[in-house]
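Just below is one structure, and these are the notes that go with it.
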Amino acid sequence: MSEHRPHIPASQSLPEITVKGVVLGLLLSMVLAGANAYLGLFAAITVSASIPAAVVSMAVLSFFRRSNILENNIVQTAASAGEGLAAGVIFTLPALVIMQTWAGFNYWETTFIAALGGTLGVLFTIPLRRALIVEQPLRFPEGVATAEVLKAGDQGGSGLRLIAQAGLLGALFKFAETGLRLWNGILSGAVYLGSGVVFFGINLSPALVAVGFIVGLNIAVLMFLGGVVNWLVAIPVIAVLGGAPEGLTASAAAQQIWSTQTRFMGVGAMVVGGLWALISLRKSLVSGIRSGLAAYRQMRSGEGDGTPRTDLDTPMQWVGVAVVVAAVPLFFLFSRFTDSWSVGAFMAVIMLAAGFLFAAVGGYMTGLVGSSNNPISGVSIATILAASLLLLALLGTGSAVGPAAAIFIGSVVAAGVGIAGDNMQDLKAGYLLGATPFKQQIMQVIGVIAASLVMSPVLNLLNNAYGIGVPTQAHPNPLAAPQATLMAAVASGVFHGGLPWNMVIFGMLVAVVVIVLDLYLKSRGSTFRTPVLAVALGLYLPLALTSAIFAGGLLAWAVSRGRQQSLQGDGLLFSAGLITGEALVGILLAIPIVLVGSSDALAVFGDYSFMAWPGLIVLVLIILRLYRVALPSASRGR
């Protein structure tokens with residue numbers, strides 16, 4: 001790797017953790033956690049909060065005479081924890097209500113699971129920081145974009161104006177599409193071909209195109225190919241062999257086959273890819289742990305630690321103690337629920353092993369494609385699947401607590417994975433800015449605790465107002481909670497049958513083939529590589545999403561003319577602005593949605609499903625603008 005020069009050098013020390021920064025970070029973490037909890041249950045998505053939090057922080061701290069870029073970075077580090085934690089919690093814990101294990105969200109149980117699971121996510125990423133950020137050439141799109149936003153705000157000038165321009169475009173696009181509903185956010189089509197069904201679509205999102213531009217063509221191609229294998233190969237074949245669902249449109253039939261069958265190929269591929277990621281990163285992980293232990297011994301011996309400020313992590317001994325401290329209450333919680341100390345201990349071991357494995361997976365995948373596309377639900381499914389199988393062997397098919405016990409394990413791991421991905425983005429931004437990792441890790445834990453305190457009240461409020469998952473007489477149109485519904489189906493399916501095991505196994509085989517291909521390309525010295533988790537992600541996600549990222553990758557290639565060079569400068573700033581604008585409006589739109597209780601709160605048209613083409617036209621114009629902005633800076637770099 002080329003030598004990295006942080007924005008603030010290690011020799012310069014600025015105030016990072018301040019009273020006003022901590023207070024602002026705590027408040028933003030709570031607000032973002034609540035907003036994303038609703039959006040996730042209603043629309044099955046959450047909005048990455050690092051960039052919006054950075055923008056809000058700059059705006060608020062500008063009223064103080066003394067503030068600096070590293071203080072702003074600390075605020076967004078704590079604040080963005082709310083979004084990461086909300087995603088992990090809402091994708092899993094509502095399954096307990098859907099399964100009728102819980103009547104509501106008990107405050108202390110929900111808070112302990114969220115707080116301790118999120119804290120474990122922070123702790124598990126500490127030895128990963130050097131491996132994934134310093135030694136691996138991963139892009140971490142939101143982390144890079146956040147750093148660029150903060151640097152532009154610190155320096156002012158043309159860079160800030162460019163981000164503001166792109167942010168306005170992204171914000172207006174998102175408001176017109178999601179708020180006013182002037183057009184459909186997805187341009188798609190599906191047809192029956194005999195007994196088969198073919199679907200294709202693209203998400204009309206400037207932010208997703210910007211993510212593709214940042215990650216580049218290689219990763220974008222792999223994600224798109226994973227989607228093609230699923231949507232244009234597996235789904236048509238299954239429809240021909242087993243018959244498409246009757247009484248549905250071609251699009252609905254394809255969506256049903258994907259959600260109930262082929263999506264599980266991505267789950268199988270993620271399991272294999274996650275294990276391979278740990279194997280591949282083992283030397284870097286061991287090196288990171290050893291360097292942390294050595295630094296701690298130097299500090300204790302009074303020799304003076306020569307480690308630069310910008311490379312100081314939380315000492316590994318502290319990490320080990322903290323992991324035990326976090327795991328013990330969860331062990332008691334598991335034991336109390338199952339009424340068995342041995343089962344509680346078994347669950348705690350599974351939780352720790354799966355937590356570390358998938359924290360690495362989540363961190364790696366956010367490095368590839370960003371936090372907004374971190375498939376927490378896919379990782380959670382893989383965790384619940386593995387936990388259910390192990391518990392099935394221990395408890396047997398007649399167990400009344402088995403499915404719910406698997407959800408408990410999955411909820412802790414999902415909270416950790418959500419925070420792990422968010423934490424790695426924040427640490428990447430800090431790496432570029434010259435922040436102190438140790439201080440960021442402290443603030444991440446503080447943000448987790450703040451967000452966990454509001455999770456139960458928010459979820460109970462939503463459950464009482466709208467219902468979650470299952471229609472009832474009181475709530476005939478509940479919040480869909482699609483991920484939690486799927487988690488409940490997986491856990492129950494293992495104990496009672498009905499899971500598409502052939503899809504899971506096929507996904508594992510695909511992952512093995514991709515790993516072998518990547519090793520071959522590495523041996524040949526090829527610049528094009530095939531990291532397996534990028535393909536697994538494509539297998540799992542909707543094709544419309546990977547198509548938009550692919551478009552951004554193509555744009556990056558067009559700007560660089562196919563040369564293997566880093567796209568920096570104006571193109572990166574403009575991409576950061578597009579992500580910022582769309583993310584900010586995505587969060588702000590939660591306010592009228594919650595107040596009115598409908599996603600159509602600001603809609604101009606009642607039925608907008610036929611109107612995707614206006615969005616496509618506007619998106620093409622934005623892409624052309626990004627191309628023109630990026631091209632001069634790329635030309636100067638040659």
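Starting from 1 in every chain, residues are counted up; chains themselves are A, B, ... following the order of the structure tokens, and ligands are numbered from 1 as listed.
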Leaving out segment 355-362 of chain A and any residue of its chain fewer than 5 positions from it, which residues lie within 7 Å of it when counting only C-alpha atoms, given as a ChimeraX atom specification?
/A:121,124-125,274,277,374,379,413,416-417,420-421
Write out as a list in words each polymer residue whose atoms come within 6 Å of segment 187-198 of chain A, counting only C-alpha atoms; drop sequence neighbours fewer than 5 positions from it.
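Result of the neighbour search: Pro236, Ala239, Val240, Ala250, Ser251 and Ala612 of chain A.
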Measuring between only C-alpha atoms, which one of A:Ile219, A:Ala33, A:Gly571, A:Gly320 shows the shortest distance to Val559 of chain A?
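Ranking A:Ile219, A:Ala33, A:Gly571, A:Gly320 by distance to Val559 of chain A, first place goes to A:Gly571.
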Identify, on the basis of only C-alpha atoms, every residue whose closest approach to Ala393 of chain A does not exceed 12 Å; exclude the query and any residue fewer than 4 positions from it along the same chain; express the result as a count of residues only.
12
Can you work out which one of A:Gly396, A:Gly552, A:Gly88, A:Pro9 has the shortest atom-to-atom distance to Ile381 of chain A, counting only C-alpha atoms?
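Smallest separation from Ile381 of chain A among the options: A:Gly88.
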Using only C-alpha atoms, what table do you get, as a tab-separated table, when you list each residue of segment 75-95 of chain A with an atom no more than 8 Å from segment 423-447 of chain A, its nearest pair of atoms, and their distance in Å rounded to one decimal, rows by chain then rising number?
residue	atom	partner	partner_atom	distance
A:Gln76	CA	A:Asp426	CA	7.9
A:Thr77	CA	A:Asp426	CA	5.7
A:Ala78	CA	A:Gly447	CA	4.3
A:Ala79	CA	A:Gly447	CA	6.0
A:Ser80	CA	A:Gly447	CA	7.6
A:Ala81	CA	A:Gly447	CA	5.3
A:Gly82	CA	A:Gly447	CA	6.6
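Relative to atom CA of Ser547 of chain A, atom CA of Val514 of chain A is found at 20.1 Å.
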Could you tell me which of A:Gly117, A:Pro315, A:Pro531, A:Gly247 comes closest to Ile409 of chain A if we count only C-alpha atoms?
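Closest residue, counting only C-alpha atoms: A:Gly117.
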Skipping near chain neighbours, those fewer than 2 positions away, what residues fall within 12 Å of segment 323-332 of chain A using only C-alpha atoms, listed as number ranges by chain?
A: 108-126, 316-321, 334-353, 355-356, 405, 408-409, 411-413, 416, 445
A:Leu28, A:Leu172, A:Ile90, A:Ala630 ranked by distance to Ala415 of chain A, top pick (using only C-alpha atoms)
A:Ile90
Would you mind writing down, as JSON, numbers by chain, each residue of segment 420-586 of chain A that DSSP on the backbone assigns to helix (DSSP H, G or I)?
{"A": [420, 421, 422, 423, 424, 425, 426, 427, 428, 429, 430, 431, 432, 433, 437, 438, 439, 440, 441, 442, 443, 444, 445, 446, 447, 448, 449, 450, 451, 452, 453, 454, 455, 456, 457, 458, 459, 460, 461, 462, 463, 464, 465, 466, 482, 483, 484, 485, 486, 487, 488, 489, 490, 491, 492, 493, 494, 495, 496, 501, 502, 503, 504, 505, 506, 507, 508, 509, 510, 511, 512, 513, 514, 515, 516, 517, 518, 519, 520, 521, 522, 523, 532, 533, 534, 535, 536, 537, 538, 539, 540, 543, 544, 545, 546, 547, 548, 549, 550, 551, 552, 553, 554, 555, 556, 557, 558, 559, 560, 570, 571, 572, 573, 574, 575, 576, 577, 578, 579, 580, 581, 582, 583, 584, 585, 586]}
Contacts of segment 516-530 of chain A at 12 Å or less, counting only C-alpha atoms, minus same-chain residues fewer than 3 places along, as a list in words?
Gly216, Leu217, Asn218, Ile219, Ala220, Val221, Leu222, Met223, Leu225, Gly226, Gly273, Trp276, Ser280, Leu368, Leu509, Val510, Ala511, Val512, Val513, Leu533, Ala534, Val535, Ala536, Gly562, Arg563, Gln564 and Gln565 of chain A
Expressed in Å to a single decimal, how great is the separation between atom CA of Thr18 of chain A and atom CA of Val89 of chain A?
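Computed distance, atom CA of Thr18 of chain A to atom CA of Val89 of chain A, equals 28.9 Å.
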What lies within 10 Å of Trp501 of chain A using only C-alpha atoms, ignoring chain neighbours under 6 positions off, as a PDB file with N, CA and C atoms, in the first residue's frame?
ATOM      1  N   GLN A 261     -36.930 -18.851  -1.639  1.00  0.00           N
ATOM      2  CA  GLN A 261     -35.999 -19.901  -2.060  1.00  0.00           C
ATOM      3  C   GLN A 261     -34.609 -19.375  -2.408  1.00  0.00           C
ATOM      4  N   PHE A 264     -31.721 -17.716  -0.269  1.00  0.00           N
ATOM      5  CA  PHE A 264     -30.924 -18.532   0.652  1.00  0.00           C
ATOM      6  C   PHE A 264     -29.605 -18.987   0.030  1.00  0.00           C
ATOM      7  N   MET A 265     -29.451 -18.857  -1.304  1.00  0.00           N
ATOM      8  CA  MET A 265     -28.136 -19.094  -1.891  1.00  0.00           C
ATOM      9  C   MET A 265     -27.121 -18.105  -1.318  1.00  0.00           C
ATOM     10  N   GLY A 268     -26.005 -19.226   2.173  1.00  0.00           N
ATOM     11  CA  GLY A 268     -24.986 -20.276   2.113  1.00  0.00           C
ATOM     12  C   GLY A 268     -23.632 -19.734   1.699  1.00  0.00           C
ATOM     13  N   VAL A 494     -36.244 -24.855  10.892  1.00  0.00           N
ATOM     14  CA  VAL A 494     -35.233 -25.848  11.266  1.00  0.00           C
ATOM     15  C   VAL A 494     -35.832 -26.884  12.203  1.00  0.00           C
ATOM     16  N   GLY A 507     -25.535 -22.377  -2.726  1.00  0.00           N
ATOM     17  CA  GLY A 507     -24.797 -21.145  -2.468  1.00  0.00           C
ATOM     18  C   GLY A 507     -23.410 -21.418  -1.919  1.00  0.00           C
TER      19      GLY A 507
END
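Proximity to Leu168 of chain A was assessed for A:Pro206, A:Pro457, A:Val620, A:Ser11 counting only C-alpha atoms; the smallest distance is recorded for A:Pro206.
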Which is closest to Ser29 of chain A among A:Val97, A:Leu621, A:Leu392, A:Ala451, if we use only C-alpha atoms?
A:Ala451
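Every protein or nucleic acid residue with an atom no more than 6 Å from Glu582 of chain A, counting only C-alpha atoms and leaving out same-chain residues fewer than 6 positions away, appears here: A:Gly170, A:Ala171, A:Lys174.
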